[in-house]
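Next comes protein.cif, with mmCIF, C-alpha atoms.
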data_query
#
loop_
_atom_site.label_atom_id
_atom_site.label_comp_id
_atom_site.auth_asym_id
_atom_site.auth_seq_id
_atom_site.Cartn_x
_atom_site.Cartn_y
_atom_site.Cartn_z
CA MET A 225 195.98 144.71 124.82
CA GLY A 226 196.59 142.67 121.80
CA GLY A 227 199.39 142.11 119.38
CA GLN A 228 199.37 142.08 115.64
CA GLY A 229 197.68 138.68 115.47
CA ALA A 230 195.09 139.43 118.12
CA VAL A 231 191.42 138.85 117.17
CA PRO A 232 189.21 141.92 117.67
CA ALA A 233 186.48 141.57 120.22
CA GLY A 234 183.19 140.35 118.76
CA ALA A 235 184.73 138.88 115.58
CA PRO A 236 183.48 135.38 114.66
CA ARG A 237 185.89 132.50 115.04
CA CYS A 238 186.40 129.55 112.72
CA PRO A 239 187.48 126.13 113.77
CA ARG A 240 191.08 125.81 114.81
CA GLY A 241 191.10 129.49 115.78
CA ARG A 242 191.29 130.96 112.30
CA ARG A 243 189.91 134.45 111.81
CA VAL A 244 187.11 135.24 109.39
CA ARG A 245 187.62 138.48 107.63
CA ALA A 246 184.56 140.61 107.31
CA SER A 247 183.56 141.46 103.78
CA PRO A 248 184.22 145.09 102.97
CA ALA A 249 180.99 145.23 101.01
CA GLY A 250 178.94 144.50 104.10
CA PRO A 251 176.42 141.79 104.69
CA ARG A 252 175.11 139.81 101.68
CA GLN A 253 171.81 141.10 100.31
CA PRO A 254 169.13 138.65 99.19
CA GLY A 255 168.63 138.42 95.45
CA PRO A 256 165.38 139.25 93.65
CA PRO A 257 162.71 136.64 94.15
CA SER A 258 162.19 134.29 91.22
CA PRO A 259 158.68 133.86 89.76
CA GLY A 260 156.75 131.31 91.74
CA GLY A 261 159.06 131.20 94.79
CA SER A 262 161.20 133.19 97.22
CA GLY A 263 164.98 133.32 97.12
CA ALA A 264 167.31 132.09 94.40
CA GLY A 265 166.59 129.12 92.09
CA PRO A 266 163.37 127.92 90.33
CA GLY A 267 160.15 128.16 92.31
CA ARG A 268 157.81 125.35 93.22
CA ARG A 269 155.26 126.32 90.61
CA GLU A 270 157.93 126.33 87.91
CA ARG A 271 159.09 122.86 88.87
CA ALA A 272 155.51 121.56 89.03
CA TRP A 273 154.77 122.96 85.55
CA GLU A 274 157.89 121.31 84.15
CA ARG A 275 156.80 117.96 85.56
CA GLY A 276 153.23 118.29 84.27
CA ALA A 277 154.11 119.56 80.78
CA PRO A 278 154.62 116.11 79.16
CA ALA A 279 151.34 114.81 80.61
CA MET A 280 149.43 117.84 79.32
CA ALA A 281 150.92 117.42 75.83
CA ALA A 282 150.09 113.68 75.87
CA ASN A 283 146.48 114.37 76.82
CA GLU A 284 146.12 116.80 73.91
CA ASP A 285 147.56 114.20 71.54
CA GLN A 286 145.16 111.58 72.89
CA GLU A 287 142.14 113.84 72.38
CA MET A 288 143.12 114.46 68.76
CA GLU A 289 143.71 110.74 68.11
CA LEU A 290 140.39 109.82 69.75
CA GLU A 291 138.51 112.16 67.41
CA ALA A 292 140.36 110.69 64.43
CA LEU A 293 139.54 107.09 65.43
CA ARG A 294 135.86 107.89 65.90
CA SER A 295 135.74 109.50 62.48
CA ILE A 296 137.65 106.70 60.69
CA TYR A 297 135.81 103.76 62.23
CA GLU A 298 132.32 105.24 62.32
CA GLY A 299 129.93 102.45 61.35
CA ASP A 300 132.67 99.79 61.37
CA LEU A 301 131.27 96.82 63.30
CA CYS A 302 134.78 95.47 63.91
CA PHE A 303 135.73 98.53 65.96
CA ARG A 304 134.64 99.04 69.55
CA GLU A 305 135.43 101.90 71.92
CA LEU A 306 135.55 100.51 75.45
CA SER A 307 136.49 103.89 76.94
CA PRO A 308 138.14 107.11 75.70
CA VAL A 309 141.53 105.42 76.23
CA SER A 310 140.76 101.76 75.43
CA PHE A 311 139.76 100.21 72.09
CA GLN A 312 139.13 96.81 70.52
CA TYR A 313 139.25 95.72 66.89
CA ARG A 314 138.24 92.37 65.41
CA ILE A 315 140.60 91.19 62.69
CA GLY A 316 138.57 89.02 60.31
CA GLU A 317 134.92 88.66 59.43
CA SER A 318 132.32 87.21 61.77
CA GLY A 319 132.38 83.40 61.53
CA ASP A 320 135.97 83.30 60.27
CA PRO A 321 137.74 80.51 62.23
CA LYS A 322 141.02 82.48 62.04
CA ALA A 323 139.60 85.81 63.23
CA PHE A 324 141.07 87.35 66.37
CA LEU A 325 140.60 90.46 68.50
CA ILE A 326 143.23 92.88 69.77
CA GLU A 327 142.80 95.50 72.48
CA VAL A 328 144.85 98.69 72.73
CA SER A 329 144.86 100.86 75.88
CA TRP A 330 146.58 104.20 76.36
CA PRO A 331 148.57 104.97 79.53
CA GLU A 332 148.63 108.57 80.79
CA THR A 333 151.80 109.49 78.87
CA TYR A 334 150.86 107.84 75.55
CA PRO A 335 152.05 108.36 72.76
CA GLN A 336 155.38 109.29 74.33
CA THR A 337 155.23 105.85 75.97
CA ALA A 338 154.05 102.57 74.47
CA PRO A 339 150.37 101.55 74.59
CA VAL A 340 149.24 98.37 76.32
CA ILE A 341 148.27 95.66 73.81
CA SER A 342 146.24 92.66 74.96
CA MET A 343 144.72 89.52 73.45
CA ASP A 344 143.03 88.29 76.64
CA ALA A 345 139.49 88.77 75.32
CA PHE A 346 137.19 85.72 75.43
CA PHE A 347 136.90 85.98 71.65
CA ASN A 348 140.47 84.62 71.41
CA ASN A 349 139.91 81.58 73.64
CA THR A 350 140.43 79.13 70.74
CA ILE A 351 143.81 80.62 69.76
CA SER A 352 146.90 78.95 71.21
CA SER A 353 149.05 80.88 73.67
CA ALA A 354 152.09 80.61 71.38
CA ILE A 355 150.27 82.30 68.49
CA LYS A 356 148.93 85.04 70.78
CA GLN A 357 152.43 85.79 72.03
CA SER A 358 153.78 85.78 68.48
CA ILE A 359 151.19 88.34 67.40
CA LEU A 360 151.93 90.54 70.43
CA ASP A 361 155.68 90.43 69.75
CA LYS A 362 155.18 91.53 66.14
CA LEU A 363 152.86 94.33 67.20
CA MET A 364 155.38 95.58 69.77
CA VAL A 365 158.00 95.88 67.01
CA GLU A 366 155.56 98.15 65.21
CA VAL A 367 155.02 100.10 68.45
CA GLU A 368 158.76 100.79 68.83
CA ALA A 369 158.91 102.05 65.25
CA ASN A 370 156.05 104.52 65.82
CA LEU A 371 156.77 105.62 69.41
CA GLY A 372 155.92 109.28 69.98
CA THR A 373 153.19 109.38 67.32
CA ALA A 374 149.51 108.38 67.19
CA MET A 375 149.74 104.68 66.35
CA THR A 376 146.45 102.95 67.26
CA TYR A 377 145.09 103.10 63.70
CA THR A 378 148.50 101.97 62.42
CA LEU A 379 148.46 98.92 64.71
CA PHE A 380 144.94 97.90 63.69
CA GLU A 381 145.73 98.22 59.98
CA TYR A 382 149.04 96.38 60.41
CA ALA A 383 147.20 93.47 62.03
CA LYS A 384 144.61 93.43 59.22
CA ASP A 385 147.27 93.39 56.51
CA ASN A 386 149.20 90.55 58.18
CA LYS A 387 146.29 88.42 59.42
CA GLU A 388 147.13 85.40 57.30
CA VAL A 389 150.79 85.49 58.36
CA PHE A 390 149.85 85.83 62.04
CA MET A 391 147.42 82.89 61.92
CA GLU A 392 149.13 80.56 59.45
CA ASN A 393 149.90 77.99 62.18
CA GLN A 394 146.50 78.19 63.84
CA PRO A 395 144.49 74.99 63.20
CA VAL A 396 141.03 75.55 61.80
CA ASN A 397 138.31 74.72 64.29
CA THR A 398 136.17 72.02 62.65
CA VAL A 399 133.29 72.38 65.10
CA THR A 400 130.58 74.38 63.39
CA SER A 401 128.26 76.49 65.46
CA VAL A 402 124.51 76.61 65.05
CA SER A 403 124.69 80.23 63.92
CA ASN A 404 126.66 79.22 60.80
CA ASN A 405 123.52 77.56 59.40
CA ILE A 406 125.55 74.78 57.77
CA SER A 407 123.43 71.73 56.98
CA THR A 408 125.18 68.40 57.31
CA GLY A 409 122.28 65.99 56.74
CA THR A 410 119.80 65.36 53.98
CA PRO A 411 117.80 68.31 52.69
CA ASP A 412 114.53 68.98 54.39
CA VAL A 413 111.69 67.04 52.81
CA PRO A 414 108.21 68.48 53.24
CA PRO A 415 105.95 66.14 55.17
CA SER A 416 103.91 63.96 52.85
CA LYS A 417 100.22 64.56 52.81
CA LYS A 418 98.06 61.73 53.96
CA LYS A 419 96.11 60.26 51.14
CA GLU A 420 92.42 60.16 51.72
CA LYS A 421 91.14 56.63 51.79
CA LYS A 422 88.45 55.95 49.27
CA GLU A 423 85.52 53.90 50.39
CA GLN A 424 86.05 50.34 49.30
CA LEU A 425 82.94 48.62 47.89
CA SER A 426 82.44 44.93 47.93
CA LYS A 427 81.75 42.96 44.73
CA THR A 428 78.10 42.64 45.64
CA GLN A 429 77.76 46.38 46.21
CA LYS A 430 79.52 47.11 42.93
CA ARG A 431 77.19 44.70 41.09
CA LYS A 432 74.08 46.29 42.58
CA LEU A 433 75.40 49.73 41.72
CA ALA A 434 76.03 48.66 38.14
CA ASP A 435 72.50 47.25 37.82
CA LYS A 436 70.99 50.61 38.77
CA THR A 437 72.86 52.63 36.15
CA ASP A 438 71.30 53.45 32.82
CA ASN A 439 72.89 53.14 29.38
CA LYS A 440 74.92 56.30 30.08
CA GLY A 441 76.34 54.93 33.30
CA GLU A 442 74.36 57.37 35.45
CA LEU A 443 72.19 56.49 38.38
CA PRO A 444 68.46 57.30 38.14
CA ARG A 445 66.97 59.97 40.31
CA GLY A 446 65.69 58.71 43.67
CA TRP A 447 67.76 55.54 43.58
CA ASN A 448 68.81 56.05 47.19
CA TRP A 449 65.34 56.72 48.63
CA VAL A 450 65.82 53.72 50.94
CA ASP A 451 68.55 55.61 52.75
CA VAL A 452 66.11 58.45 53.27
CA ILE A 453 63.68 56.13 54.99
CA LYS A 454 66.45 54.76 57.19
CA HIS A 455 67.40 58.31 58.17
CA VAL A 456 63.82 59.21 59.01
CA SER A 457 63.31 56.05 61.04
CA ILE A 458 66.09 57.05 63.39
CA PHE A 459 63.84 59.70 64.85
CA LYS A 460 61.14 57.08 65.57
CA PHE A 461 58.30 58.62 63.57
CA SER A 462 55.00 56.83 63.41
CA PHE A 463 54.33 54.30 60.70
CA PHE A 464 51.87 56.60 58.94
CA THR A 465 54.34 59.49 58.89
CA ILE A 466 56.99 57.27 57.29
CA ARG A 467 54.44 56.07 54.75
CA LYS A 468 53.65 59.64 53.72
CA ILE A 469 57.31 60.43 53.33
CA CYS A 470 57.85 57.37 51.17
CA LYS A 471 55.02 58.44 48.87
CA LYS A 472 56.54 61.87 48.48
CA VAL A 473 59.91 60.36 47.69
CA ARG A 474 58.43 58.05 45.05
CA THR A 475 56.52 60.94 43.49
CA ALA A 476 59.63 63.09 43.34
CA ALA A 477 61.62 60.26 41.79
CA TYR A 478 58.90 59.63 39.18
CA PHE A 479 58.66 63.23 38.01
CA GLY A 480 62.42 63.69 38.16
CA PHE A 481 62.54 66.34 40.86
#

Go ahead and render the structure in this file as structure tokens.
Amino acid sequence: MGGQGAVPAGAPRCPRGRRVRASPAGPRQPGPPSPGGSGAGPGRRERAWERGAPAMAANEDQEMELEALRSIYEGDLCFRELSPVSFQYRIGESGDPKAFLIEVSWPETYPQTAPVISMDAFFNNTISSAIKQSILDKLMVEVEANLGTAMTYTLFEYAKDNKEVFMENQPVNTVTSVSNNISTGTPDVPPSKKKEKKEQLSKTQKRKLADKTDNKGELPRGWNWVDVIKHVSIFKFSFFTIRKICKKVRTAAYFGF
């Protein structure tokens, strides 16, 4: 038996003995399943898509900017594509002592987030650390102004336009490299040709030579027949053979052969 405040048998009890009234509508029915999950609230697939949406949009922006950079800098020797998300640009002509190189890399969420700008390339090893940091600080100001948009081309052009301002305190390197082809000495002089020594004649030889010349200053034919005999005697011919040769030489000299 139970009074007015008695709890019916089988009814659930709350702490401190309070009764829980049963809902007249009956037990609660589960709601319709949401797309991508069971029960109320967003499903797992929905939440995953929401997280991946910015990355997908950033990748599309990067692909479009990559195509634009390749088209703009085609044939430009100052531009270099290290990878589809990393690029270098040389500010200044080759051989310019105040030229420098900047590198821009894209993180996964670029351009919604800032790119990574570096001046650690070996090309910049002659630039002081203070000037490098000054250039990076000025470039980061430009990054903040263009955040959310494709800005790599803008950064390269900004550095080109302000090169002289960026490097005004950089001392000029006075050491000239071999590739500059700068001559510091006297101009090259072609080697002098050795003069051929003329045979020097003694006074006696000159006098004998003058005695043999005619009134025109020419030597008579056969004047050097003695040298012929000397040449023949080297081969040790017989006396009679040499005699015959001498006769032929005299005959030729007489008739003017």

In terms of the shortest atom-to-atom distance over only C-alpha atoms, which of A:Asn283, A:Thr378, A:Asn386, A:Thr428 is closest to Tyr334 (chain A)? A:Asn283

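Our summary of the geometry notes that CA of Val396 (chain A) is positioned 21.8 Å from CA of Lys362 (chain A).
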
If you measure from CA of Asn370 (chain A) to CA of Tyr297 (chain A), what distance in Å do you get, rounded to one decimal? 20.6 Å

For the file shown, what are the residues hit by the PyMOL selection byres ((chain A and resi 339-355) around 6), laid out as a PyMOL selection string? chain A and resi 324+326-330+338+356-358

Proximity to Glu291 (chain A) - best of A:Lys430, A:Tyr377, A:Asp320, A:Arg474, only C-alpha atoms: A:Tyr377

Can you work out which one of A:Ala374, A:Cys302, A:Val389, A:Val365 has the shortest atom-to-atom distance to Thr333 (chain A), counting only C-alpha atoms?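 Closest residue, counting only C-alpha atoms: A:Ala374.
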
What is the distance between CA of Lys322 (chain A) and CA of Phe380 (chain A), in Å to one decimal? 16.0 Å

Kindly indicate which residue among A:Asp285, A:Asp361, A:Asp300, A:Glu392 lies nearest to Glu317 (chain A), using all atoms listed in the file for the distances. A:Asp300

Kindly indicate which residue among A:Glu287, A:Leu325, A:Lys471, A:Asn393 lies nearest to Phe303 (chain A), using all atoms listed in the file for the distances. A:Leu325

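Near region 304-309 of chain A, within 8 Å and counting only C-alpha atoms, sit Gln286, Leu290, Leu301, Cys302, Phe311, Gln312, Tyr313, Ser329, Trp330 and Pro331 of chain A, not including residues fewer than 2 positions from it in the same chain.
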
Neighbours of point (159.3, 103.5, 72.9) within 6 Å, using only C-alpha atoms, written as a compact mmCIF listing (two decimals) with C-alpha atoms, in the coordinates of the input:
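Written out: out06.txt:
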# COMPACT_ATOMS: atom_id res chain seq x y z
CA THR A 337 155.23 105.85 75.97
CA ALA A 338 154.05 102.57 74.47
CA GLU A 368 158.76 100.79 68.83
CA LEU A 371 156.77 105.62 69.41

Please report, as JSON, the centre and edge lengths in Å to one decimal of an axis-aligned box covering all listed atoms of region 468-473 of chain A with 4 Å per side.
{"center_x": 56.8, "center_y": 59.6, "center_z": 50.7, "size_x": 14.3, "size_y": 12.5, "size_z": 14.0}
